[in-house]
Every structure is written in structure tokens, then in C-alpha cells.
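Colleague: For reference, the file upload-v8.txt (compact mmCIF, C-alpha atoms) is included below:
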```
# COMPACT_ATOMS: atom_id res chain seq x y z
CA MET A 295 135.52 172.69 92.99
CA THR A 296 132.70 173.64 95.35
CA ALA A 297 131.08 171.06 97.61
CA ALA A 298 127.72 171.53 95.83
CA LEU A 299 129.28 170.96 92.39
CA LEU A 300 131.19 167.92 93.63
CA LEU A 301 128.01 166.43 95.05
CA ALA A 302 126.15 167.16 91.81
CA LEU A 303 128.82 165.44 89.76
CA LEU A 304 128.91 162.46 92.10
CA LEU A 305 125.13 162.23 92.07
CA ALA A 306 125.09 162.29 88.27
CA ALA A 307 127.81 159.66 88.13
CA ASP A 308 126.55 157.31 90.84
CA PRO A 309 123.56 155.19 89.77
CA ARG A 310 122.98 154.14 93.40
CA ALA A 311 122.26 157.74 94.39
CA ARG A 312 119.89 158.11 91.45
CA LEU A 313 118.14 154.88 92.44
CA THR A 314 117.78 156.15 96.02
CA GLU A 315 116.17 159.34 94.75
CA LEU A 316 113.76 157.45 92.49
CA GLU A 317 112.77 155.11 95.33
CA ALA A 318 112.17 158.09 97.63
CA ARG A 319 110.00 159.74 95.00
CA LYS A 320 107.99 156.54 94.55
CA ALA A 321 107.49 156.50 98.31
CA ALA A 322 106.37 160.13 98.04
CA GLU A 323 103.69 159.30 95.52
CA ARG A 324 102.51 156.42 97.68
CA ALA A 325 102.29 158.76 100.69
CA ALA A 326 100.19 161.23 98.70
CA ALA A 327 97.96 158.41 97.45
CA ARG A 328 97.58 157.15 101.02
CA VAL A 329 96.29 160.56 102.15
CA LEU A 330 93.78 160.57 99.30
CA ALA A 331 92.66 156.99 99.84
CA ASP A 332 92.68 156.49 103.61
CA ARG A 333 89.73 158.63 104.70
CA GLU A 334 89.89 157.35 108.27
CA ARG A 335 93.45 158.39 108.86
CA SER A 336 94.46 161.75 110.35
CA VAL A 337 95.49 164.16 107.60
CA LEU A 338 97.73 166.15 109.97
CA GLY A 339 99.20 162.90 111.29
CA THR A 340 100.11 161.74 107.79
CA LEU A 341 101.59 165.14 106.95
CA GLU A 342 103.59 165.11 110.16
CA GLU A 343 104.89 161.61 109.40
CA VAL A 344 105.99 162.59 105.89
CA GLU A 345 107.42 165.92 107.03
CA ARG A 346 109.43 164.34 109.82
CA GLY A 347 110.81 161.78 107.41
CA TRP A 348 111.92 164.57 105.10
CA ARG A 349 113.45 166.70 107.85
CA ASP A 350 115.25 163.69 109.38
CA ALA A 351 116.67 162.89 105.94
CA GLU A 352 117.71 166.53 105.56
CA ALA A 353 119.50 166.40 108.92
CA ARG A 354 121.31 163.21 107.92
CA ALA A 355 122.27 164.76 104.59
CA ARG A 356 123.65 167.88 106.29
CA ALA A 357 125.62 165.70 108.73
CA ALA A 358 127.08 163.65 105.86
CA GLU A 359 127.96 166.80 103.92
CA ALA A 360 129.62 168.29 107.00
CA ALA A 361 131.65 165.10 107.47
CA ARG A 362 132.66 165.21 103.82
CA ALA A 363 133.69 168.87 104.11
CA LEU A 364 135.73 168.12 107.24
CA SER A 365 137.40 165.21 105.45
CA ALA A 366 138.19 167.50 102.51
CA GLU A 367 139.87 169.93 104.93
CA ARG A 368 141.86 167.08 106.47
CA LEU A 369 142.88 165.92 103.00
CA ALA A 370 144.11 169.42 102.13
CA VAL A 371 146.13 169.53 105.38
CA ALA A 372 147.55 166.05 104.69
CA GLU A 373 148.59 167.13 101.19
CA ARG A 374 150.32 170.24 102.55
CA GLU A 375 152.11 168.22 105.24
CA GLU A 376 153.19 165.64 102.65
CA GLN A 377 154.60 168.36 100.40
CA ALA A 378 156.40 169.97 103.34
CA ALA A 379 157.94 166.61 104.32
CA LEU A 380 159.02 166.01 100.72
CA ALA A 381 160.60 169.47 100.59
CA ARG A 382 162.49 168.80 103.86
CA HIS A 383 163.79 165.48 102.52
CA GLN A 384 164.87 167.04 99.22
CA ALA A 385 166.65 169.89 101.04
CA ILE A 386 168.61 167.44 103.20
CA VAL A 387 169.53 165.35 100.14
CA ALA A 388 170.69 168.51 98.34
CA ARG A 389 172.96 169.37 101.29
CA LEU A 390 174.29 165.81 101.41
CA ARG A 391 175.12 165.50 97.72
CA PRO A 392 178.45 167.46 97.77
CA ARG A 393 179.41 165.91 101.10
CA LEU A 394 178.85 162.41 99.73
CA ALA A 395 180.98 163.27 96.69
CA ALA A 396 183.78 164.51 98.97
CA LEU A 397 183.54 161.38 101.12
CA ASP A 398 183.74 159.27 97.99
CA LEU A 399 186.93 161.03 96.92
CA MET A 400 188.39 160.62 100.38
CA ALA A 401 187.48 156.94 100.41
CA ARG A 402 189.24 156.43 97.08
CA ALA A 403 192.28 158.44 98.22
CA GLY A 404 192.35 156.53 101.49
CA GLU A 405 192.17 157.85 105.05
CA PHE A 406 195.71 156.58 105.75
CA ARG A 407 197.23 158.69 102.93
CA LEU A 408 195.42 161.77 104.27
CA LEU A 409 196.79 161.23 107.76
CA VAL A 410 200.38 160.38 106.87
CA SER A 411 200.70 163.55 104.82
CA ALA A 412 200.49 165.54 108.07
CA SER A 413 203.51 167.74 108.66
CA SER A 414 203.64 167.13 112.42
CA LEU A 415 202.11 165.13 115.22
CA GLY A 416 199.86 168.04 116.14
CA ASP A 417 198.72 168.35 112.56
CA LEU A 418 198.02 164.59 112.52
CA VAL A 419 195.87 164.79 115.68
CA SER A 420 194.02 167.82 114.30
CA ARG A 421 193.37 166.05 111.00
CA ARG A 422 192.16 162.93 112.80
CA THR A 423 189.79 164.94 115.07
CA LEU A 424 188.45 167.00 112.18
CA LEU A 425 187.88 163.92 110.07
CA ALA A 426 185.93 162.25 112.91
CA LYS A 427 183.74 165.35 113.29
CA ILE A 428 183.09 165.48 109.54
CA VAL A 429 182.12 161.82 109.47
CA GLU A 430 179.93 162.24 112.58
CA GLY A 431 178.18 165.28 111.09
CA ASP A 432 177.58 163.53 107.78
CA ALA A 433 176.18 160.48 109.60
CA ALA A 434 173.76 162.73 111.53
CA THR A 435 172.65 164.36 108.27
CA LEU A 436 172.10 160.93 106.76
CA ARG A 437 169.96 159.93 109.74
CA GLY A 438 167.96 163.14 109.31
CA ALA A 439 167.45 162.34 105.62
CA ARG A 440 166.20 158.87 106.50
CA GLU A 441 163.82 160.24 109.16
CA ALA A 442 162.52 162.83 106.68
CA LEU A 443 161.95 160.10 104.11
CA LEU A 444 160.08 157.93 106.62
CA GLU A 445 157.97 160.92 107.68
CA GLN A 446 157.17 161.68 104.05
CA GLU A 447 156.15 158.06 103.44
CA ARG A 448 153.93 158.10 106.57
CA LEU A 449 152.23 161.32 105.48
CA THR A 450 151.76 159.99 101.95
CA ALA A 451 150.01 156.91 103.34
CA ALA A 452 147.84 159.13 105.58
CA ARG A 453 146.95 161.35 102.64
CA ARG A 454 145.94 158.35 100.50
CA THR A 455 143.80 156.95 103.35
CA GLU A 456 142.07 160.30 103.80
CA ALA A 457 141.53 160.59 100.04
CA VAL A 458 139.75 157.22 99.99
CA ARG A 459 137.68 158.22 103.05
CA GLN A 460 136.81 161.57 101.49
CA GLU A 461 135.60 159.92 98.30
CA ALA A 462 133.43 157.49 100.29
CA LEU A 463 131.96 160.33 102.36
CA ALA A 464 131.25 162.34 99.22
CA LEU A 465 129.33 159.40 97.75
CA GLU A 466 127.43 158.92 101.02
CA ALA A 467 126.57 162.64 101.14
CA ALA A 468 125.32 162.52 97.55
CA GLY A 469 123.15 159.51 98.33
CA ARG A 470 121.71 161.09 101.48
CA ARG A 471 121.02 164.35 99.63
CA ALA A 472 119.20 162.39 96.92
CA ASP A 473 117.16 160.61 99.61
CA ALA A 474 116.33 163.94 101.27
CA SER A 475 115.31 165.45 97.91
CA GLY A 476 113.00 162.51 97.24
CA LYS A 477 111.41 162.79 100.69
CA ARG A 478 111.02 166.54 100.23
CA ASP A 479 109.16 165.88 96.97
CA GLY A 480 107.04 163.37 98.87
CA PHE A 481 106.11 165.96 101.48
CA ARG A 482 105.25 168.50 98.79
CA ALA A 483 103.12 165.95 96.93
CA THR A 484 101.25 165.08 100.13
CA LEU A 485 100.78 168.75 101.01
CA ALA A 486 99.55 169.49 97.49
CA ALA A 487 97.01 166.70 97.85
CA VAL A 488 95.69 168.26 101.07
CA ARG A 489 95.59 171.74 99.55
CA GLY A 490 94.01 170.57 96.31
CA GLU A 491 91.08 168.46 97.44
CA ARG A 492 88.21 170.06 99.31
CA GLN A 493 87.40 167.09 101.57
CA LEU A 494 91.02 166.71 102.66
CA HIS A 495 91.31 170.45 103.16
CA GLU A 496 88.21 170.50 105.34
CA ARG A 497 89.44 167.53 107.38
CA ALA A 498 92.79 169.23 107.88
CA ALA A 499 91.02 172.39 109.05
CA GLN A 500 88.86 170.40 111.48
CA GLU A 501 91.91 168.59 112.84
CA ALA A 502 93.73 171.91 113.22
CA GLU A 503 90.85 173.23 115.32
CA ALA A 504 90.91 170.08 117.44
CA GLN A 505 94.65 170.52 117.93
CA GLY A 506 94.00 174.11 119.01
CA ARG A 507 91.75 172.81 121.78
CA LYS A 508 94.40 170.27 122.77
CA LEU A 509 96.95 173.06 122.89
CA ALA A 510 94.71 175.04 125.26
CA GLU A 511 94.46 171.98 127.52
CA PHE A 512 98.20 171.53 127.31
CA ILE A 513 98.81 175.12 128.42
CA GLU A 514 96.41 174.79 131.33
CA ALA A 515 98.22 171.63 132.41
CA LEU A 516 101.68 173.23 132.36
CA PRO A 517 103.31 173.09 135.81
CA ALA A 518 103.39 176.25 137.87
CA PRO A 519 106.75 178.00 138.29
CA ARG A 520 109.02 176.41 140.86
CA SER A 521 108.98 177.89 144.33
CA GLY A 522 111.76 180.40 144.79
CA SER A 523 112.05 180.97 141.05
CA ALA A 524 112.23 184.45 139.57
CA PRO A 525 108.69 185.93 139.58
CA TYR A 526 107.34 187.56 136.43
CA SER A 527 104.63 190.16 136.51
CA GLY A 528 103.45 193.29 134.76
CA PHE A 529 102.60 191.66 131.43
CA ALA A 530 99.09 193.17 131.52
CA SER A 531 100.60 196.66 131.56
CA LEU A 532 102.25 195.98 128.19
CA ARG A 533 98.93 195.84 126.31
CA GLY A 534 99.30 197.77 123.06
CA ARG A 535 103.08 198.09 123.51
CA LEU A 536 104.45 194.64 122.78
CA PRO A 537 107.04 194.41 120.01
CA ARG A 538 106.44 191.98 117.18
CA PRO A 539 108.28 188.70 117.77
CA ALA A 540 109.37 188.75 114.09
CA GLY A 541 108.25 190.01 110.71
CA THR A 542 106.09 193.03 109.99
CA ARG A 543 102.48 192.77 108.92
CA ILE A 544 99.73 190.45 110.15
CA ASP A 545 98.61 188.33 107.19
CA VAL A 546 95.77 186.43 108.88
CA GLY A 547 94.03 187.93 111.87
CA PHE A 548 92.41 186.60 115.03
CA GLY A 549 88.97 184.93 115.01
CA LYS A 550 86.94 183.52 112.12
CA VAL A 551 88.79 183.09 108.84
CA VAL A 552 87.16 182.14 105.53
CA ASP A 553 89.28 180.15 103.08
CA PRO A 554 89.17 182.05 99.74
CA ARG A 555 89.14 178.85 97.64
CA PHE A 556 86.88 176.39 99.46
CA ARG A 557 84.94 178.97 101.54
CA THR A 558 85.55 176.87 104.64
CA VAL A 559 85.46 178.70 107.98
CA THR A 560 88.09 178.20 110.66
CA VAL A 561 88.72 179.97 113.95
CA GLN A 562 92.17 181.42 114.56
CA LYS A 563 93.35 181.51 118.18
CA GLY A 564 96.28 183.70 117.17
CA VAL A 565 97.63 185.60 114.17
CA ASP A 566 99.81 184.70 111.17
CA ILE A 567 102.68 187.16 110.83
CA ALA A 568 104.49 187.51 107.51
CA ALA A 569 108.19 186.87 108.16
CA ARG A 570 111.24 185.71 106.24
CA ARG A 571 112.37 182.10 106.55
CA GLY A 572 115.32 181.98 108.96
CA GLU A 573 114.49 185.34 110.60
CA GLU A 574 115.10 185.38 114.35
CA VAL A 575 112.02 185.11 116.59
CA MET A 576 112.18 187.15 119.82
CA ALA A 577 110.49 186.92 123.20
CA VAL A 578 108.06 189.85 123.45
CA ALA A 579 108.45 190.16 127.24
CA PRO A 580 110.43 188.60 130.11
CA GLY A 581 109.40 185.13 131.20
CA ARG A 582 110.31 181.49 131.49
CA VAL A 583 110.15 178.96 128.64
CA ALA A 584 107.40 176.52 129.59
CA HIS A 585 107.69 174.37 126.47
CA ALA A 586 110.08 174.07 123.53
CA GLY A 587 109.38 171.15 121.21
CA TRP A 588 107.17 169.65 118.54
CA PHE A 589 103.40 169.93 118.83
CA LYS A 590 101.15 168.32 116.24
CA GLY A 591 99.69 170.92 113.90
CA TYR A 592 102.10 173.62 115.14
CA GLY A 593 105.49 172.11 114.33
CA ASN A 594 108.30 173.45 116.49
CA LEU A 595 106.50 175.39 119.23
CA VAL A 596 107.88 177.60 122.01
CA ILE A 597 105.63 178.71 124.89
CA VAL A 598 106.79 181.43 127.28
CA ASP A 599 105.17 181.87 130.71
CA HIS A 600 105.09 185.58 131.59
CA GLY A 601 103.51 185.10 135.00
CA GLU A 602 100.05 185.92 136.35
CA GLY A 603 98.47 183.44 133.90
CA TYR A 604 99.84 185.01 130.70
CA HIS A 605 101.54 182.93 128.00
CA THR A 606 102.78 183.70 124.50
CA LEU A 607 103.27 181.08 121.80
CA VAL A 608 105.36 181.11 118.63
CA ALA A 609 104.94 178.20 116.21
CA HIS A 610 106.18 176.63 112.95
CA LEU A 611 109.77 177.50 113.88
CA ALA A 612 112.60 176.17 111.73
CA SER A 613 114.83 175.91 114.81
CA MET A 614 114.53 176.51 118.54
CA THR A 615 117.32 178.14 120.53
CA ALA A 616 115.42 178.38 123.81
CA ALA A 617 115.02 175.38 126.11
CA ALA A 618 112.24 174.51 128.55
CA GLY A 619 112.91 175.98 131.99
CA GLU A 620 115.14 178.76 130.64
CA ASP A 621 114.54 182.34 131.77
CA VAL A 622 114.37 184.78 128.86
CA ALA A 623 114.43 188.56 128.68
CA ALA A 624 112.40 190.67 126.28
CA GLY A 625 114.19 190.44 122.94
CA SER A 626 115.84 187.08 123.68
CA VAL A 627 116.01 184.82 120.63
CA LEU A 628 113.62 181.86 120.88
CA GLY A 629 114.28 180.38 117.43
CA THR A 630 113.95 181.13 113.73
CA VAL A 631 111.01 181.44 111.35
CA GLY A 632 110.22 178.28 109.38
CA ASP A 633 107.44 176.07 108.09
CA THR A 634 107.48 173.01 110.39
CA GLY A 635 103.96 171.65 110.74
CA SER A 636 102.70 174.37 108.41
CA LEU A 637 100.11 173.86 105.68
CA LYS A 638 100.98 177.05 103.81
CA GLY A 639 104.75 177.58 103.92
CA ALA A 640 107.03 179.72 106.06
CA TYR A 641 105.46 182.25 108.41
CA LEU A 642 105.22 182.92 112.16
CA TYR A 643 102.15 181.92 114.13
CA PHE A 644 101.76 183.97 117.33
CA GLU A 645 99.31 183.62 120.23
CA ILE A 646 98.68 185.34 123.55
CA ARG A 647 96.70 183.53 126.23
CA GLU A 648 95.44 184.58 129.65
CA ASN A 649 94.65 181.64 131.93
CA GLY A 650 94.27 179.50 128.79
CA LYS A 651 91.91 181.94 127.03
CA SER A 652 93.04 183.24 123.64
CA LEU A 653 93.47 187.00 123.30
CA ASP A 654 93.67 188.98 120.06
CA PRO A 655 97.39 189.77 119.64
CA LYS A 656 96.52 192.79 117.52
CA ASP A 657 95.28 194.54 120.68
CA TRP A 658 98.58 193.86 122.39
CA LEU A 659 101.17 194.50 119.68
CA SER A 660 102.40 198.05 119.20
CA PRO A 661 101.14 199.74 116.02
```
Using C-alpha cells, write down the structure that the file contains.
Modeller:
Amino acid sequence: MTAALLLALLLAADPRARLTELEARKAAERAAARVLADRERSVLGTLEEVERGWRDAEARARAAEAARALSAERLAVAEREEQAALARHQAIVARLRPRLAALDLMARAGEFRLLVSASSLGDLVSRRTLLAKIVEGDAATLRGAREALLEQERLTAARRTEAVRQEALALEAAGRRADASGKRDGFRATLAAVRGERQLHERAAQEAEAQGRKLAEFIEALPAPRSGSAPYSGFASLRGRLPRPAGTRIDVGFGKVVDPRFRTVTVQKGVDIAARRGEEVMAVAPGRVAHAGWFKGYGNLVIVDHGEGYHTLVAHLASMTAAAGEDVAAGSVLGTVGDTGSLKGAYLYFEIRENGKSLDPKDWLSP
């Protein structure tokens, strides 16, 4: 039975998990209603709050599922070890059975009768020595049988303990997955509210522009490279020859963009590149990671300092593999494409800045 099927069965069978999911979905509807009702509150802030709650729940669910899977592996090992111990005990008992029968016959015949039937003194000594060795060997085999039995009983107890633990972890994983599903629905409901109502959409666009200005200030405030660190230069010579960090076509270009539904106008400081969720995002040139973390409105954001005032930014990453302060070569993996902090799903947002000023990436990327 696969882990997904097991979790589905447990979820269907456990009313607590179902209750958790329903409570999470009620919270989702409340979050969406709060965005619609609270006109003074930041739309991006509310979205970030709901999204973080969902992603934290997802992380907890994945951790619980991983623990359950590890417990299942341990249970399988415990079952194999228990069966091996049982087989060892049964093999020893099978070897002992004829020996015990022979000892029983000898006990009924009497050791004295066996010894006095010896034809000579030498034969008597030989019989006595051989009998002692037989008895000693049989006693050792009996001790081995007892040890095998004790080992089997220990492994059986361990297997039962792990089975109970595995069942508890499976129930916990099902509950956490239900919670994550409810929070995901909450995020989608909140996002749909922002996308569906003009006033909320316009506020979100205005906040996004304000966050773009804050990002520019953030880049200007980034500390200069440490003295003695590896210098980077020559980025300007790469104009028109930079590889795409991920994906293929540019979906939304640089500059003014008109929303097709609400006809609102926003200004793009970078470009939206169509890319598959989970696709690796590469550094377009050598540099040092100046920032790798969450930035409101941009989700998971990585900024690379290429020297001489040039920076590139990749945003909305699902994961980040680069860390602040790390030197990266052209083609180094910075993270993966995702939709963190995104209002429209999975894609890659890409910027190039010179001394804080936004440049049109289309002029820099190779055709």
C-alpha cells in the first residue's frame, strides 16, 4: 500500500483529521472575507500571512509524512529481524529434537548400565568422556535455543512498539496534510478575492510598486564586498550575451504593463519569464550572493552582486540553494522556480540593476 493511499484511507477514517480540514477551510473563508472587508489593511501583507501559514503547514505535513515513512521502513526491518530470529530458534529446536529423544532413552536406560557394559577399562573411560562431551554439547545447544527465543521475544516487542508508533505517525501525517490542504484552500480563496475585485487588485498593484521602491532602497543599502574578497568585474561586457536564468520566453516585459481585465497600469522593473515549477534557476554571471531570503511582494528572493554596481535578482523561488555571502559561478544553481509571494502562479521574475537603477533585461539576455 502506497504512503499516499494509506494517508487517504486514514484521513477518510479519522474524523479528527476531517474536522481539522474543515476548521482550516473555515479559517480560509474568514481570511478571504478579511481581505474584502478590511480596506485599511495591506493586501500583500494579508496574502503573505495566509501564504506563510499554508507553506508552514505544508512543511510540517512533509516532515510528518517523512517520519511516518521512516517508521514504516523501521517496521519492515523489525519484521524481517523478527522472522529471522524465529527461523534461527526453530532451526535450533529442530536440531535438538532427535538429541533430546536420545537423551531421554539414555536417561531411561540409565547411565550406569551404559558404562558397566564397557568391555574394558579403556572402553569405560572413552564412553565416560564421550558421554560428557555429548551432554556438554547438548547443553550448549539448549542455551543457544534459549538465547534465540529471548532474542525473538525482544524483536517481537520492538516490532509491536514500532507498529504502534507507525500508526500514530500515520494519523498525525494525515491530520497535518488535512490542515495544509485547508490552509492551501484559504490562500487560494484569498488570492481569488484579490484577483476578482478591482479595488483589491488596484491596491495590490500599488503595494507591489511600493515594494519595488523598497527593494531598490534595499539594494542600495546592501554592504559593499568585504576587503580582500574575490573581485568581480566585466559584467557590462556581457550585454546581449547573458543566458536566461531559467525558462524560455519572456511573458511580461520591462516597463509599463496594462492589466487586460481591469486596465490598470503598473511599471515592471524586470521581466516575467515563463518557466516550469521546480525548474532550476541559474546565476547568469559570476558574483557573490548579497541576499537570499523572503522579501514582501517577491517571495523567496536571491540577489547576486556582480561587481561594479551590477546586481541581478530572481524572485518567487520555490526553494533557495544559494546562501548570502556565497560566491557563485555562471550557471550555479540559485534555487528553483515557484510561486512564493506571487499573485499569478509559478513563474520566474528577473531583474538587472546598475547602481540601483533598473535595466531592461531583454537588452542583456542573448536572443
Colleague: Calculate how many Å separate CA of Ile386 (chain A) from CA of Glu367 (chain A), rounding to one decimal.
Modeller: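 Going from CA of Ile386 (chain A) over to CA of Glu367 (chain A), I get 28.9 Å.
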Colleague: So which one's closest to Gly564 (chain A), A:Leu653, A:Ala579, A:Ala499, A:Val552? Using all atoms listed in the file, please.
Modeller: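 That would be A:Leu653, the residue with the smallest distance to Gly564 (chain A).
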Colleague: So, with all atoms listed in the file as the atoms that count, which of A:Gly549, A:Gly635, A:Pro517, A:Pro539 lies closest to Gly619 (chain A)?
Modeller: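 Closest to Gly619 (chain A), using all atoms listed in the file: A:Pro517.
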Colleague: Neighbourhood query: residues within 8 Å of (102.8, 183.6, 111.9), file coordinates, counting all atoms listed in the file; return as a list in words.
Modeller: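 Checking each residue against the 8 Å limit leaves Ile544, Asp545, Val565, Asp566, Ile567, Ala568, Ala569, Val608, Ala609, His610, Tyr641, Leu642, Tyr643 and Phe644 of chain A.
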Colleague: Would you please work out which residue, of A:Val371, A:Leu485, A:Val598, A:Leu536, is nearest to Ala584 (chain A) when using only C-alpha atoms?
Modeller: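 Between A:Val371, A:Leu485, A:Val598, A:Leu536, the residue approaching Ala584 (chain A) most closely is A:Val598.
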Colleague: Here is a test: counting all atoms listed in the file, which residue of A:Arg647, A:Lys590, A:Arg354, A:His605 is nearest to Ala467 (chain A)?
Modeller: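 Checking each candidate against Ala467 (chain A), we get A:Arg354 as the closest.
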Colleague: As a VMD selection string, please: the residues near region 355-363 of chain A (cut-off 7 Å, all atoms listed in the file, same-chain neighbours under 2 positions excluded).
Modeller: chain A and resid 351 to 353 365 to 367 460 463 to 464 466 to 467 470 to 471 474
Colleague: Please measure the separation of CA of Gly490 (chain A) and CA of Val561 (chain A), giving the value in Å to one decimal.
Modeller: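 Between CA of Gly490 (chain A) and CA of Val561 (chain A) the gap is 20.7 Å.
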Colleague: Quick one: of A:Glu573, A:Glu343, A:Asp621, A:Glu511, who's nearest to His600 (chain A), counting all atoms listed in the file?
Modeller: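 The shortest atom-to-atom distance to His600 (chain A) comes from A:Asp621.
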Colleague: Measure the distance from CA of Val559 (chain A) to CA of Leu338 (chain A) in Å and round it to one decimal.
Modeller: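 Distance between the two atoms: 17.7 Å.
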Colleague: Using only the atoms of region 496-499 of chain A listed in the file, plus 4 Å on each side, state the axis-aligned box centre and edge lengths in Å rounded to one decimal, as lines of an AutoDock Vina configuration file.
Modeller:
```
center_x = 90.5
center_y = 170.0
center_z = 107.2
size_x = 12.6
size_y = 12.9
size_z = 11.7
```
Colleague: Could you pull the residues within 7 Å of region 623-633 of chain A, counting only C-alpha atoms, minus those fewer than 3 positions along the same chain, as a VMD selection string?
Modeller: chain A and resid 569 to 581 610 to 616 636 639 to 642
Colleague: In the coordinate frame of the file, compute which residues have an atom within 12 Å of (100.6, 196.2, 123.6) when using only C-alpha atoms, and state them as a PyMOL selection string.
Modeller: chain A and resi 528-538+578-579+646+653-661
